[in-house]
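Peer 1: Following this line is protein-v7.cif, made up of mmCIF, C-alpha atoms:
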```cif
data_data
#
loop_
_atom_site.label_atom_id
_atom_site.label_comp_id
_atom_site.auth_asym_id
_atom_site.auth_seq_id
_atom_site.Cartn_x
_atom_site.Cartn_y
_atom_site.Cartn_z
CA MET A 390 -115.97 123.68 173.23
CA TRP A 391 -112.30 122.95 173.91
CA LEU A 392 -110.04 122.77 170.87
CA GLU A 393 -106.39 121.89 170.46
CA LEU A 394 -104.82 125.15 169.29
CA ALA A 395 -101.17 124.18 168.82
CA LYS A 396 -98.52 121.60 169.59
CA ALA A 397 -94.89 122.29 170.42
CA GLY A 398 -92.68 122.35 167.34
CA LYS A 399 -91.35 124.51 164.53
CA TYR A 400 -93.74 125.74 161.86
CA HIS A 401 -92.98 128.09 158.94
CA GLY A 402 -89.70 129.13 160.57
CA LYS A 403 -91.36 129.91 163.92
CA GLU A 404 -90.92 127.74 166.98
CA LEU A 405 -93.31 127.08 169.87
CA SER A 406 -92.29 125.30 173.05
CA PRO A 407 -94.24 124.17 176.14
CA SER A 408 -92.76 127.15 177.99
CA ASP A 409 -94.16 129.43 175.26
CA PHE A 410 -97.61 127.89 175.81
CA GLN A 411 -97.32 128.52 179.54
CA GLU A 412 -96.39 132.16 178.82
CA ILE A 413 -99.39 132.53 176.49
CA VAL A 414 -101.68 131.20 179.20
CA GLU A 415 -100.18 133.63 181.75
CA THR A 416 -100.61 136.65 179.45
CA PHE A 417 -104.21 135.74 178.60
CA LYS A 418 -106.39 138.58 179.92
CA GLY A 419 -109.85 137.72 178.74
CA GLU A 420 -111.67 137.12 175.49
CA VAL A 421 -109.68 136.84 172.25
CA PRO A 422 -111.57 137.23 168.95
CA VAL A 423 -112.21 134.47 166.43
CA ALA A 424 -111.80 135.64 162.82
CA LEU A 425 -112.03 134.24 159.32
CA GLY A 426 -108.45 134.07 158.10
CA HIS A 427 -105.47 136.04 159.36
CA SER A 428 -105.96 139.21 157.28
CA LEU A 429 -107.48 141.42 159.98
CA ALA A 430 -108.76 144.98 160.12
CA ASP A 431 -110.41 146.89 162.97
CA PHE A 432 -113.77 147.08 161.16
CA MET A 433 -114.08 143.29 160.72
CA PRO A 434 -116.57 141.52 163.02
CA ALA A 435 -115.62 138.81 165.51
CA PHE A 436 -117.23 135.44 164.75
CA GLY A 437 -116.62 134.12 168.24
CA TRP A 438 -114.34 134.31 171.26
CA VAL A 439 -111.63 132.29 172.94
CA LYS A 440 -112.84 132.31 176.55
CA ALA A 441 -109.98 130.47 178.30
CA LEU A 442 -106.63 128.74 177.73
CA LYS A 443 -104.81 125.82 179.27
CA THR A 444 -101.81 123.60 178.56
CA GLU A 445 -101.45 119.87 178.75
CA GLY A 446 -98.02 118.45 178.03
CA GLU A 447 -96.90 119.89 174.69
CA THR A 448 -100.35 121.10 173.58
CA LEU A 449 -102.16 124.40 173.99
CA TYR A 450 -105.97 124.19 174.37
CA GLY A 451 -108.62 126.88 174.07
CA ASP A 452 -112.23 127.10 175.19
CA VAL A 453 -113.86 128.49 172.02
CA GLU A 454 -117.36 129.94 171.73
CA LEU A 455 -118.53 130.41 168.13
CA LEU A 456 -121.32 132.80 167.19
CA PRO A 457 -124.26 131.36 165.19
CA PRO A 458 -123.05 132.12 161.60
CA LEU A 459 -119.64 130.49 162.09
CA ASP A 460 -120.98 127.83 164.44
CA GLU A 461 -123.48 126.68 161.78
CA ALA A 462 -120.80 126.72 159.05
CA TYR A 463 -118.46 124.74 161.32
CA GLU A 464 -121.15 122.15 162.09
CA ASN A 465 -121.81 121.74 158.36
CA GLY A 466 -118.12 121.10 157.65
CA PHE A 467 -117.29 124.37 155.85
CA PHE A 468 -114.47 125.12 158.29
CA LYS A 469 -112.39 122.14 159.41
CA LYS A 470 -109.12 123.93 160.06
CA TRP A 471 -108.01 126.85 162.19
CA SER A 472 -104.81 128.43 163.44
CA ILE A 473 -103.64 130.92 166.01
CA GLY A 474 -102.00 134.32 165.71
CA VAL A 475 -99.37 134.90 168.40
CA ARG A 476 -97.88 138.33 169.11
CA VAL A 477 -95.23 139.75 171.44
CA ASN A 478 -96.16 142.48 173.95
CA ASP A 479 -94.08 145.42 175.23
CA GLU A 480 -92.47 143.22 177.86
CA GLY A 481 -91.29 140.75 175.22
CA LYS A 482 -93.82 138.07 176.19
CA LYS A 483 -95.96 136.11 173.75
CA TYR A 484 -99.74 136.38 173.90
CA LEU A 485 -102.69 135.03 171.90
CA HIS A 486 -103.86 137.72 169.50
CA HIS A 487 -106.60 135.86 167.62
CA LEU A 488 -107.88 132.47 166.46
CA ALA A 489 -108.40 132.22 162.69
CA PHE A 490 -110.75 129.71 161.07
CA LEU A 491 -109.53 128.71 157.61
CA GLY A 492 -111.25 127.37 154.53
CA ALA A 493 -109.10 125.72 151.87
CA MET A 494 -105.68 126.31 153.44
CA PRO A 495 -104.11 122.91 154.28
CA PRO A 496 -102.70 122.35 157.77
CA ALA A 497 -99.01 122.83 158.45
CA ILE A 498 -99.03 120.37 161.34
CA LYS A 499 -100.07 117.12 159.72
CA ASP A 500 -100.62 115.04 162.84
CA LEU A 501 -102.81 117.56 164.64
CA LYS A 502 -106.40 117.69 163.50
CA PRO A 503 -107.44 121.26 164.33
CA VAL A 504 -104.13 123.10 163.87
CA SER A 505 -102.98 124.45 160.51
CA GLN A 506 -100.59 127.32 161.21
CA VAL A 507 -98.88 129.30 163.93
CA ALA A 508 -98.27 132.99 163.27
CA PHE A 509 -96.04 135.36 165.20
CA SER A 510 -95.33 139.07 165.19
CA ASP A 511 -93.32 141.60 167.14
CA ASP A 512 -93.50 145.37 167.20
CA VAL A 513 -91.63 145.65 163.90
CA GLU A 514 -92.87 142.90 161.57
CA THR A 515 -95.89 140.63 161.40
CA TYR A 516 -95.77 137.06 160.10
CA GLU A 517 -99.23 135.81 159.31
CA PHE A 518 -101.28 133.96 156.73
CA ALA A 519 -100.86 136.70 154.09
CA SER A 520 -97.21 135.73 153.61
CA LEU A 521 -98.31 132.25 152.56
CA GLU A 522 -100.77 133.73 150.07
CA ALA A 523 -97.91 135.80 148.61
CA ASP A 524 -95.84 132.64 148.22
CA LYS A 525 -98.72 130.95 146.40
CA LEU A 526 -99.02 133.90 144.02
CA GLY A 527 -95.32 133.54 143.28
CA VAL A 528 -95.82 129.88 142.34
CA ILE A 529 -98.75 130.82 140.09
CA ALA A 530 -96.67 133.58 138.46
CA ARG A 531 -93.85 131.15 137.66
CA ALA A 532 -96.31 128.60 136.23
CA LEU A 533 -97.99 131.20 134.01
CA ALA A 534 -94.61 132.50 132.88
CA GLY A 535 -93.73 128.99 131.71
CA LEU A 536 -97.07 128.67 129.94
CA ARG A 537 -96.52 132.02 128.21
CA GLU A 538 -93.08 130.91 126.98
CA TRP A 539 -94.63 127.75 125.55
CA LEU A 540 -97.40 129.74 123.83
CA LEU A 541 -94.84 132.14 122.35
CA GLU A 542 -92.87 129.25 120.92
CA LYS A 543 -95.88 127.32 119.55
CA PHE A 544 -98.37 130.02 118.47
CA GLY A 545 -96.65 133.41 118.56
CA LYS A 546 -96.95 136.63 120.51
CA GLU A 547 -100.57 137.48 119.60
CA ASP A 548 -101.98 134.25 121.02
CA ALA A 549 -99.64 134.38 124.03
CA ASP A 550 -100.75 137.93 124.85
CA ARG A 551 -104.39 136.90 124.61
CA VAL A 552 -104.05 133.91 126.94
CA VAL A 553 -101.43 135.29 129.41
CA PRO A 554 -101.22 139.11 129.10
CA PRO A 555 -97.75 140.35 130.12
CA TYR A 556 -99.17 143.06 132.40
CA ASP A 557 -101.11 140.45 134.40
CA LEU A 558 -97.96 138.40 134.72
CA ASP A 559 -96.03 141.44 135.98
CA TRP A 560 -98.73 142.04 138.60
CA LEU A 561 -98.49 138.46 139.86
CA LYS A 562 -94.70 138.69 140.10
CA GLU A 563 -95.04 141.45 142.74
CA PRO A 564 -97.57 140.05 145.21
CA SER A 565 -96.09 141.92 148.14
CA GLU A 566 -96.91 145.22 146.45
CA ASN A 567 -100.20 144.31 144.76
CA ALA A 568 -102.04 141.55 146.56
CA PHE A 569 -101.82 143.10 150.01
CA ALA A 570 -101.64 146.83 149.31
CA ASP A 571 -103.53 147.67 152.52
CA THR A 572 -101.22 145.64 154.75
CA PRO A 573 -98.88 148.02 156.62
CA PRO A 574 -95.28 147.40 155.52
CA PRO A 575 -92.77 146.73 158.32
CA LEU A 576 -91.09 149.79 159.79
CA SER A 577 -87.78 148.66 158.30
CA LYS A 578 -89.30 148.98 154.82
CA VAL A 579 -90.95 152.40 155.34
CA PRO A 580 -88.98 155.18 153.55
CA VAL A 581 -87.65 158.23 155.41
CA ALA A 582 -89.28 161.57 154.60
CA SER A 583 -87.17 164.65 153.93
CA VAL A 584 -85.69 166.31 157.02
CA GLY A 585 -87.90 169.39 156.68
CA THR A 586 -91.18 167.43 156.56
CA ARG A 587 -93.82 168.88 158.89
CA LEU A 588 -94.34 167.11 162.20
CA ALA A 589 -98.08 166.78 162.70
CA PRO A 590 -99.71 166.37 166.14
CA HIS A 591 -99.97 162.80 167.39
CA ASN A 592 -103.74 162.52 166.89
CA GLU A 593 -103.52 163.77 163.29
CA LYS A 594 -100.87 161.19 162.42
CA ALA A 595 -102.78 158.46 164.23
CA LYS A 596 -106.00 159.21 162.35
CA ARG A 597 -104.26 158.96 158.98
CA ILE A 598 -102.63 155.66 159.98
CA LEU A 599 -105.96 154.29 161.22
CA ASP A 600 -107.76 155.34 158.04
CA LYS A 601 -105.23 153.46 155.91
CA TYR A 602 -104.12 150.47 157.99
CA GLY A 603 -106.39 150.22 161.04
CA TRP A 604 -105.18 149.48 164.57
CA GLU A 605 -102.62 147.01 163.24
CA GLY A 606 -100.82 149.86 161.45
CA LEU A 607 -100.91 152.09 164.51
CA LYS A 608 -99.39 149.31 166.60
CA LYS A 609 -96.69 148.64 164.02
CA TYR A 610 -95.59 152.28 163.73
CA SER A 611 -95.76 153.24 167.42
CA LEU A 612 -92.59 152.44 169.37
CA LEU A 613 -94.40 151.86 172.66
CA HIS A 614 -97.61 149.88 173.25
CA LYS A 615 -99.36 150.06 176.59
CA SER A 616 -100.63 146.54 177.21
CA ASP A 617 -102.77 147.73 180.13
CA LYS A 618 -104.78 150.02 177.84
CA ASN A 619 -107.59 149.21 175.44
CA PRO A 620 -105.81 148.03 172.25
CA GLU A 621 -108.33 149.97 170.20
CA SER A 622 -107.71 153.34 171.84
CA LEU A 623 -105.13 155.99 170.97
CA GLU A 624 -103.77 156.09 174.51
CA ALA A 625 -102.46 152.54 174.04
CA TYR A 626 -99.94 153.69 171.39
CA LYS A 627 -97.09 156.10 172.07
CA TYR A 628 -94.12 157.45 170.08
CA LEU A 629 -95.75 157.28 166.64
CA VAL A 630 -92.91 157.92 164.15
CA VAL A 631 -94.79 157.39 160.86
CA ASP A 632 -97.24 159.60 158.98
CA ILE A 633 -99.15 159.16 155.73
CA ILE A 634 -97.99 161.53 152.98
CA ASP A 635 -99.70 161.42 149.57
CA GLY A 636 -101.23 158.09 150.52
CA LYS A 637 -97.94 156.42 151.50
CA PRO A 638 -96.25 155.83 154.89
CA TYR A 639 -93.06 157.77 155.72
CA ILE A 640 -90.83 157.92 158.78
CA ILE A 641 -90.81 161.54 160.00
CA PRO A 642 -87.27 162.63 161.08
CA LYS A 643 -88.63 165.46 163.27
CA ALA A 644 -90.71 162.94 165.23
CA VAL A 645 -87.61 160.87 165.99
CA SER A 646 -85.63 163.98 167.03
CA GLN A 647 -88.45 165.27 169.22
CA TYR A 648 -88.93 161.96 171.03
CA LEU A 649 -85.18 161.64 171.65
CA ALA A 650 -85.20 165.15 173.09
CA TYR A 651 -88.09 164.24 175.38
CA LEU A 652 -86.18 161.19 176.63
CA HIS A 653 -83.44 163.59 177.78
CA GLY A 654 -85.77 165.96 179.59
CA ALA A 655 -86.59 168.52 176.90
CA ARG A 656 -89.46 170.88 177.86
CA GLY A 657 -89.49 169.33 181.30
CA VAL A 658 -90.94 166.04 180.04
CA LYS A 659 -90.31 163.15 182.41
CA ILE A 660 -90.27 159.70 180.82
CA PRO A 661 -90.67 156.61 183.05
CA GLU A 662 -87.47 154.58 183.12
CA ALA A 663 -89.33 151.45 181.98
CA ASP A 664 -90.58 153.29 178.90
CA ARG A 665 -87.13 154.71 178.22
CA LYS A 666 -85.56 151.24 178.11
CA VAL A 667 -88.07 150.13 175.49
CA VAL A 668 -88.14 153.26 173.33
CA GLU A 669 -84.60 154.65 173.33
CA PRO A 670 -82.89 151.75 171.47
CA LYS A 671 -85.56 151.91 168.76
CA LEU A 672 -85.21 155.70 168.42
CA LEU A 673 -81.42 155.49 168.21
CA LYS A 674 -81.68 152.83 165.52
CA LEU A 675 -84.07 155.03 163.53
CA LYS A 676 -81.79 158.06 164.00
CA GLU A 677 -78.84 156.09 162.64
CA ARG A 678 -80.89 155.20 159.57
CA ILE A 679 -82.03 158.80 159.09
CA ASP A 680 -78.44 160.06 159.37
CA LYS A 681 -77.38 157.59 156.67
CA GLU A 682 -80.21 158.72 154.41
CA ARG A 683 -79.31 162.36 154.98
CA LYS A 684 -75.67 161.67 154.15
CA LYS A 685 -76.73 160.17 150.82
CA GLU A 686 -78.63 163.37 150.01
CA GLU A 687 -75.66 165.66 150.79
CA PRO A 688 -73.99 167.10 147.67
CA MET A 689 -70.49 165.92 146.77
CA LYS A 690 -67.68 168.09 148.13
CA PHE A 691 -65.54 170.06 145.65
CA SER A 692 -62.40 168.31 146.90
CA ASP A 693 -63.99 164.92 146.07
CA LEU A 694 -64.37 165.79 142.39
CA PRO A 695 -61.81 164.70 139.74
CA LYS A 696 -59.10 167.26 138.95
CA GLU A 697 -60.43 167.89 135.42
CA GLU A 698 -63.89 168.62 136.83
CA GLN A 699 -62.44 170.97 139.46
CA GLU A 700 -60.56 172.91 136.76
CA ARG A 701 -63.65 173.14 134.57
CA LEU A 702 -65.80 174.43 137.44
CA MET A 703 -63.12 176.94 138.44
CA ALA A 704 -62.92 178.27 134.87
CA GLU A 705 -66.70 178.59 134.70
CA ALA A 706 -66.75 180.39 138.05
CA LYS A 707 -64.04 182.85 136.96
CA ALA A 708 -65.84 183.55 133.69
CA GLN A 709 -69.08 184.15 135.55
CA VAL A 710 -67.42 186.55 138.00
CA ALA A 711 -65.73 188.41 135.15
CA GLN A 712 -69.00 188.73 133.26
CA GLU A 713 -70.84 189.98 136.35
CA PHE A 714 -68.09 192.54 136.96
CA ALA A 715 -68.21 193.69 133.31
CA ASP A 716 -71.98 194.06 133.43
CA LYS A 717 -71.79 196.07 136.65
CA GLU A 718 -68.98 198.27 135.28
CA LYS A 719 -70.98 198.93 132.11
CA ALA A 720 -74.04 199.93 134.12
CA LEU A 721 -72.04 202.32 136.33
CA THR A 722 -70.27 203.81 133.29
CA GLY A 723 -73.64 204.41 131.64
CA GLU A 724 -74.95 206.20 134.72
CA LEU A 725 -71.81 208.37 134.90
CA LEU A 726 -72.02 209.23 131.17
CA ALA A 727 -75.65 210.29 131.55
CA GLN A 728 -74.68 212.55 134.46
CA LYS A 729 -71.78 214.13 132.49
CA LYS A 730 -74.03 214.75 129.47
CA ARG A 731 -76.48 216.61 131.70
CA GLU A 732 -73.58 218.76 132.94
CA LEU A 733 -72.42 219.32 129.35
CA GLU A 734 -75.91 220.31 128.22
CA GLU A 735 -76.14 222.80 131.07
CA SER A 736 -72.70 224.26 130.21
CA MET A 737 -73.76 224.88 126.55
CA LYS A 738 -76.80 227.02 127.34
CA GLY A 739 -76.50 230.44 125.67
CA LYS A 740 -73.18 229.51 124.13
CA VAL A 741 -73.98 226.94 121.43
CA PRO A 742 -76.96 227.24 119.07
CA ARG A 743 -79.67 224.74 119.98
CA GLU A 744 -79.59 223.01 116.60
CA LYS A 745 -75.86 222.30 117.13
CA GLN A 746 -76.14 220.99 120.70
CA PRO A 747 -77.16 217.39 119.64
CA LEU A 748 -73.90 217.19 117.68
CA VAL A 749 -71.93 218.03 120.80
CA LEU A 750 -73.88 215.47 122.83
CA ALA A 751 -73.25 212.85 120.13
CA LEU A 752 -69.55 213.68 120.40
CA ALA A 753 -69.82 213.13 124.16
CA ASP A 754 -71.23 209.60 123.56
CA ALA A 755 -67.94 208.70 121.90
CA MET A 756 -65.95 209.87 124.92
CA SER A 757 -65.34 207.70 127.98
CA PRO A 758 -66.29 209.34 131.28
CA VAL A 759 -63.68 207.22 133.11
CA GLU A 760 -60.64 207.16 130.81
CA LYS A 761 -58.14 209.92 131.73
CA MET A 762 -55.81 212.18 129.75
CA GLU A 763 -52.76 213.89 131.19
CA PHE A 764 -52.61 217.70 131.08
CA SER A 765 -49.96 220.24 132.13
CA ASP A 766 -50.47 223.61 133.73
CA GLY A 767 -47.03 225.04 134.03
CA ASP A 768 -45.04 222.64 136.09
CA ALA A 769 -48.17 221.00 137.46
CA LYS A 770 -49.63 217.90 135.81
CA TYR A 771 -53.10 216.51 136.27
CA GLU A 772 -55.45 213.95 134.72
CA LYS A 773 -58.98 214.48 133.44
CA SER A 774 -61.33 212.67 131.15
CA PRO A 775 -61.88 214.25 127.70
CA LEU A 776 -65.53 214.74 128.61
CA ASP A 777 -64.65 216.67 131.77
CA VAL A 778 -62.28 218.85 129.70
CA LEU A 779 -65.07 219.61 127.20
CA ILE A 780 -67.44 220.55 130.03
CA GLU A 781 -64.75 222.74 131.58
CA ILE A 782 -64.17 224.55 128.24
CA PHE A 783 -67.86 225.37 127.76
CA LYS A 784 -68.19 226.52 131.36
CA ALA A 785 -65.23 228.89 130.83
CA LEU A 786 -66.74 230.52 127.72
CA PRO A 787 -68.47 233.84 128.52
CA LEU A 788 -72.05 234.44 127.47
CA PRO A 789 -72.18 236.66 124.36
CA VAL A 790 -75.02 238.76 125.89
CA GLN A 791 -76.29 239.32 129.38
CA PRO A 792 -79.27 237.40 130.61
CA GLY A 793 -82.54 239.00 129.54
CA GLU A 794 -81.07 240.36 126.36
CA GLU A 795 -81.14 238.76 122.95
CA ASP A 796 -79.20 235.48 122.93
CA PHE A 797 -77.33 234.85 119.68
CA GLY A 798 -77.56 231.14 120.41
CA ASP A 799 -81.26 231.31 119.57
CA PRO A 800 -82.21 232.69 116.14
CA PRO A 801 -84.42 235.81 116.46
CA THR A 802 -88.12 235.41 115.76
CA LEU A 803 -90.55 237.88 114.23
CA ASP A 804 -92.59 238.04 117.43
CA LYS A 805 -89.52 238.92 119.41
CA HIS A 806 -88.53 241.73 116.95
CA LEU A 807 -92.04 243.10 116.98
CA GLY A 808 -91.94 243.06 120.74
CA ASP A 809 -88.68 245.02 120.69
CA LEU A 810 -90.08 247.62 118.26
CA THR A 811 -93.08 248.48 120.41
CA LYS A 812 -90.93 250.51 122.77
CA TYR A 813 -90.12 252.92 119.94
CA MET A 814 -93.76 253.46 118.89
#
```
Can you turn what I pasted into structure tokens?
Peer 2:
Amino acid sequence: MWLELAKAGKYHGKELSPSDFQEIVETFKGEVPVALGHSLADFMPAFGWVKALKTEGETLYGDVELLPPLDEAYENGFFKKWSIGVRVNDEGKKYLHHLAFLGAMPPAIKDLKPVSQVAFSDDVETYEFASLEADKLGVIARALAGLREWLLEKFGKEDADRVVPPYDLDWLKEPSENAFADTPPPLSKVPVASVGTRLAPHNEKAKRILDKYGWEGLKKYSLLHKSDKNPESLEAYKYLVVDIIDGKPYIIPKAVSQYLAYLHGARGVKIPEADRKVVEPKLLKLKERIDKERKKEEPMKFSDLPKEEQERLMAEAKAQVAQEFADKEKALTGELLAQKKRELEESMKGKVPREKQPLVLALADAMSPVEKMEFSDGDAKYEKSPLDVLIEIFKALPLPVQPGEEDFGDPPTLDKHLGDLTKYM
């Protein structure tokens, strides 16, 4: 059956002209699906097909074939209104994307029986029926907020909370974030990931986008759409700049940088000039946004700080350097003292009784191995640490007995005397 799909005019901020209808007829390439409502996903079934288009004056007509379930519902009066979804292809031309049969939604064009709404989209944002639903939720939220205020005034908070819970009211006030959570946000609203975020292969990114948003999401986040390819195949979508991270969409800076490099011949990649004209402006716009985001993340320069803050940071830095130097000096001094004590212990062997040696070593602990004293040797003057002088004194002392003989530094033992007496027996 032939239905009037739209008349020339301006509806919901979007304008259609007879020349637009002619363009839609020219871009028509076959069957267009019939759906229930404008909220579409790739898994939803088609309830019919638009088989052909034509224009007459200021009206666009379509030859519509409805499948039995919708055809029966239509014949019984369950669906008396419908509207079209119009998109823009890579060449900037409008085309018919789908025909949506509506239930309770009133028509926007009052003097046209079958038409209720005209919806447009481009490769950045989509304007469809969901936006009207969001508006309706806003009206409901305002009405309930007024009711809650009246309940608070008349009956108090307990009754108001029971009738209009505040958390439900908060949910209604944010329809764009709650009512249509699975609708892909426009690219302009997608946040930029950190610069170091991993760049996944195209098919990996595409699968995550498809799992969350369907083909509509893949189309929205790919900068180039091949209209001559199957719209439900990966090869129809190129230059995918978005990935799903922790369940949310993010623009990947490395993807933008890589694609820009390819446009300029990186790795020997040759990009058709027609593709370059479409993609490069979008990439440059994204790069500008990424650069701005990166600049926000850069730390403030020292010279940008107030003078008082600069002085405070400088004082803290000097104190930290001084402390680090003191700690290092203490460690080196400790190592040097340990070395000198080993030399002192060696110089005392056979010259100082063993039970007195700890006293000498304790005396050494009180001496600095680095502080110097001035000494004279005739006309000559030299500097040495007190510890080095002590070591030098003990080294200069002669042993009281020769090695192998009894050492007065060690008290004689009975075993040793008995051993000495055996040579006289």
Peer 1: For A:Met737, work out the shell of residues within 12 Å, counting only C-alpha atoms and skipping chain neighbours fewer than 5 positions away, then give it as a list in words.
Peer 2: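 Contacts, with the query itself left out: Lys730, Arg731, Glu732, Pro742, Arg743, Glu744, Lys745, Gln746, Pro747, Leu748, Val749, Leu750, Leu779, Ile780, Glu781, Ile782, Phe783, Lys784, Ala785, Leu786, Pro787, Leu788 and Gly798 of chain A.
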Peer 1: Could you write out as a list in words the residues that the PyMOL selection byres ((chain A and resi 484) around 6) matches in the shown file?
Peer 2: Ile413, Thr416, Val475, Arg476, Lys483 and Leu485 of chain A
Peer 1: Hey, can you spit out that residue selection with C-alpha atoms as a compact mmCIF listing (two decimals), in the coordinates of the input?
Peer 2:
```
# COMPACT_ATOMS: atom_id res chain seq x y z
CA ILE A 413 -99.39 132.53 176.49
CA THR A 416 -100.61 136.65 179.45
CA VAL A 475 -99.37 134.90 168.40
CA ARG A 476 -97.88 138.33 169.11
CA LYS A 483 -95.96 136.11 173.75
CA LEU A 485 -102.69 135.03 171.90
```
Peer 1: Please identify all polymer residues within 12 Å of A:Lys729, counting all atoms listed in the file, omitting same-chain residues fewer than 3 positions from it, and present them as a list of chain:residue names.
Peer 2: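 Counting all atoms listed in the file, the residues come to A:Thr722, A:Gly723, A:Glu724, A:Leu725, A:Leu726, A:Glu732, A:Leu733, A:Glu734, A:Glu735, A:Ser736, A:Leu750, A:Ala753, A:Asp754, A:Met756, A:Ser757, A:Pro758, A:Val759, A:Ser774, A:Pro775, A:Leu776, A:Asp777, A:Val778, A:Leu779, A:Ile780, A:Glu781.
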Peer 1: Identify, on the basis of all atoms listed in the file, every residue whose closest approach to A:Ala663 does not exceed 12 Å; exclude the query and any residue fewer than 6 positions from it along the same chain; express the result as number ranges by chain.
Peer 2: A: 479-480, 613, 615, 652, 669
Peer 1: Please enumerate the residues selected by the PyMOL selection byres ((chain A and resi 590-607) around 8) when evaluated against the supplied file, formatted as a VMD selection string.
Peer 2: chain A and resid 430 to 431 571 to 573 588 to 589 608 to 611 620 to 621 623 626 629 631 to 633
Peer 1: Just want the 7 Å neighbourhood of A:Ala424, counted on only C-alpha atoms, with same-chain residues fewer than 2 positions away dropped. Output as a PDB file with C-alpha atoms, in the frame of the given file.
Peer 2:
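Here's the written file selection15.pdb:
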```pdb
ATOM      1  CA  PRO A 422    -111.570 137.230 168.950  1.00  0.00           C
ATOM      2  CA  GLY A 426    -108.450 134.070 158.100  1.00  0.00           C
ATOM      3  CA  ALA A 435    -115.620 138.810 165.510  1.00  0.00           C
ATOM      4  CA  PHE A 436    -117.230 135.440 164.750  1.00  0.00           C
ATOM      5  CA  LEU A 488    -107.880 132.470 166.460  1.00  0.00           C
ATOM      6  CA  ALA A 489    -108.400 132.220 162.690  1.00  0.00           C
ATOM      7  CA  PHE A 490    -110.750 129.710 161.070  1.00  0.00           C
TER       8      PHE A 490
END
```
Peer 1: Hey, what's within 7 Å of stretch 536-539 of chain A if we count only C-alpha atoms and toss same-chain stuff fewer than 3 positions away? As a PyMOL selection string, please?
Peer 2: chain A and resi 532-533+542-543+549+553
Peer 1: As an exercise, work out the distance from atom CA of A:Asp664 to atom CA of A:Ile641 in Å and give it to one decimal place.
Peer 2: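 Rounded to one decimal, the two atoms are 20.6 Å apart.
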Peer 1: Suppose you want the space between atom CA of A:Met762 and atom CA of A:Ala720; what is it in Å?
Peer 2: 22.4 Å
Peer 1: I'd like to see the residues matched by the PyMOL selection byres ((chain A and resi 409) around 10) on this file, and ideally I'd get them as a tab-separated table (two decimals) with C-alpha atoms, in the coordinates of the input.
Peer 2:
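Below is the file that was written, result-v7.tsv:
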```tsv
chain	number	residue	atom	x	y	z
A	397	ALA	CA	-94.89	122.29	170.42
A	404	GLU	CA	-90.92	127.74	166.98
A	405	LEU	CA	-93.31	127.08	169.87
A	406	SER	CA	-92.29	125.30	173.05
A	407	PRO	CA	-94.24	124.17	176.14
A	408	SER	CA	-92.76	127.15	177.99
A	410	PHE	CA	-97.61	127.89	175.81
A	411	GLN	CA	-97.32	128.52	179.54
A	412	GLU	CA	-96.39	132.16	178.82
A	413	ILE	CA	-99.39	132.53	176.49
A	414	VAL	CA	-101.68	131.20	179.20
A	415	GLU	CA	-100.18	133.63	181.75
A	447	GLU	CA	-96.90	119.89	174.69
A	449	LEU	CA	-102.16	124.40	173.99
A	482	LYS	CA	-93.82	138.07	176.19
A	483	LYS	CA	-95.96	136.11	173.75
A	484	TYR	CA	-99.74	136.38	173.90
```
Peer 1: Here's a test: counting only C-alpha atoms, identify every protein, DNA and RNA residue with an atom at most 7 Å from (-116.2, 133.0, 168.4) in the file's coordinate frame, and state them as a ChimeraX atom specification.
Peer 2: /A:422-423,435-439,453-456
Peer 1: In Å, rounded to a single decimal, give me how far atom CA of A:Asp452 is from atom CA of A:Ile473.
Peer 2: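 Computed distance, atom CA of A:Ile473 to atom CA of A:Asp452, equals 13.1 Å.
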Peer 1: Output as JSON the centre and edge lengths (Å, one decimal) of the box along x, y and z of the file that holds every listed atom of stretch 724-740 of chain A after adding 8 Å on each side.
Peer 2:
```
{"center_x": -74.3, "center_y": 218.3, "center_z": 129.5, "size_x": 21.0, "size_y": 40.2, "size_z": 26.8}
```
